[in-house]
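Taking it in order: structure first as structure tokens, then the write-up.
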Amino acid sequence: MSLHDELTAIQHSLDDLVRSVARLEEQVGAGLDIRRVRSDTDHLRESLTLLKESAAGAGPAAGRPALAMVSIPDTPYDSTLWADAEDEGLGARDRRAP
């Protein structure tokens with residue numbers, strides 16, 4: 001399935017969910033719980049709209065920064081880098097842990 005097809009399928013499912021929540025609200029009444037569910041469906045609708053807008057003008061990798069390979073050498077670090085650092089949880093070099 002293409003991205004457009006996936007977004008369309010999600011939109012249809014979300015529309016079904018909104019209709020189901022409206023029917024449920026008629027049966028249960030407008031209590032706090034149903035308002036929260038309705039609010040969640042509204043947020044989903046807004047999020048899907050934003051997702052559609054960001055995906056509309058871009059390719060599959062749009063909006064993502066390019067990942068660059070970083071090589072880490074196998075040679076040991078210079079020990080002077082850690083000269084005045086404290087061991088985690090043990091305190092300074094001249095003190096002992098309890």
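By order in the structure tokens, chains are A, B, ...; within a chain, residues start at 1; ligands start at 1, following the order shown.
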
Expected answer as number ranges by chain: alpha helix (DSSP H) residues in range 6-90 of chain A: A: 6-28, 32-56

Surrounding residues of Val37 in chain A excluding itself and chain neighbours under 5 positions, 10 Å, only C-alpha atoms, as an MDAnalysis selection string: chainID A and resid 18 21 25 32 42:43

10 Å contact set for Leu3 in chain A, only C-alpha atoms, chain neighbours under 2 positions out, as a PyMOL selection string: chain A and resi 1+5-9+52+55-56+59-60

Restrict the selected residues to C-alpha atoms and save them as a compact mmCIF listing (two decimals), in the first residue's frame.
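Here's the written file part-v2.txt:
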```
# COMPACT_ATOMS: atom_id res chain seq x y z
CA MET A 1 0.00 0.00 0.00
CA ASP A 5 -3.62 4.70 0.60
CA GLU A 6 -2.52 4.19 4.22
CA LEU A 7 -3.49 7.73 5.20
CA THR A 8 -6.86 7.34 3.47
CA ALA A 9 -7.51 4.07 5.30
CA LYS A 52 -1.17 14.40 5.87
CA ALA A 55 3.56 13.90 3.94
CA ALA A 56 1.84 15.70 1.05
CA GLY A 59 9.01 12.13 -0.16
CA PRO A 60 9.50 9.22 2.21
```

Proximity to Asp15 in chain A - best of A:Ala66, A:Leu48, A:Ile72, A:Leu81, only C-alpha atoms: A:Leu48

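For the atom pair formed by CA of Ser47 in chain A and CA of His12 in chain A, the distance is 14.5 Å, given to one decimal.
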
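Distance annotation: of A:Thr80, A:Ser20, A:Gln11, A:Gln27, the residue with the minimal separation from Glu46 in chain A is A:Gln11; atom set is only C-alpha atoms.
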
Spatial neighbours of Ile34 in chain A, max dist 10 Å, only C-alpha atoms, sep filter under 6 positions, as a PyMOL selection string: chain A and resi 21-22+24-26+28+40

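Separating CA of Arg38 in chain A from CA of Leu51 in chain A is a distance of 19.9 Å.
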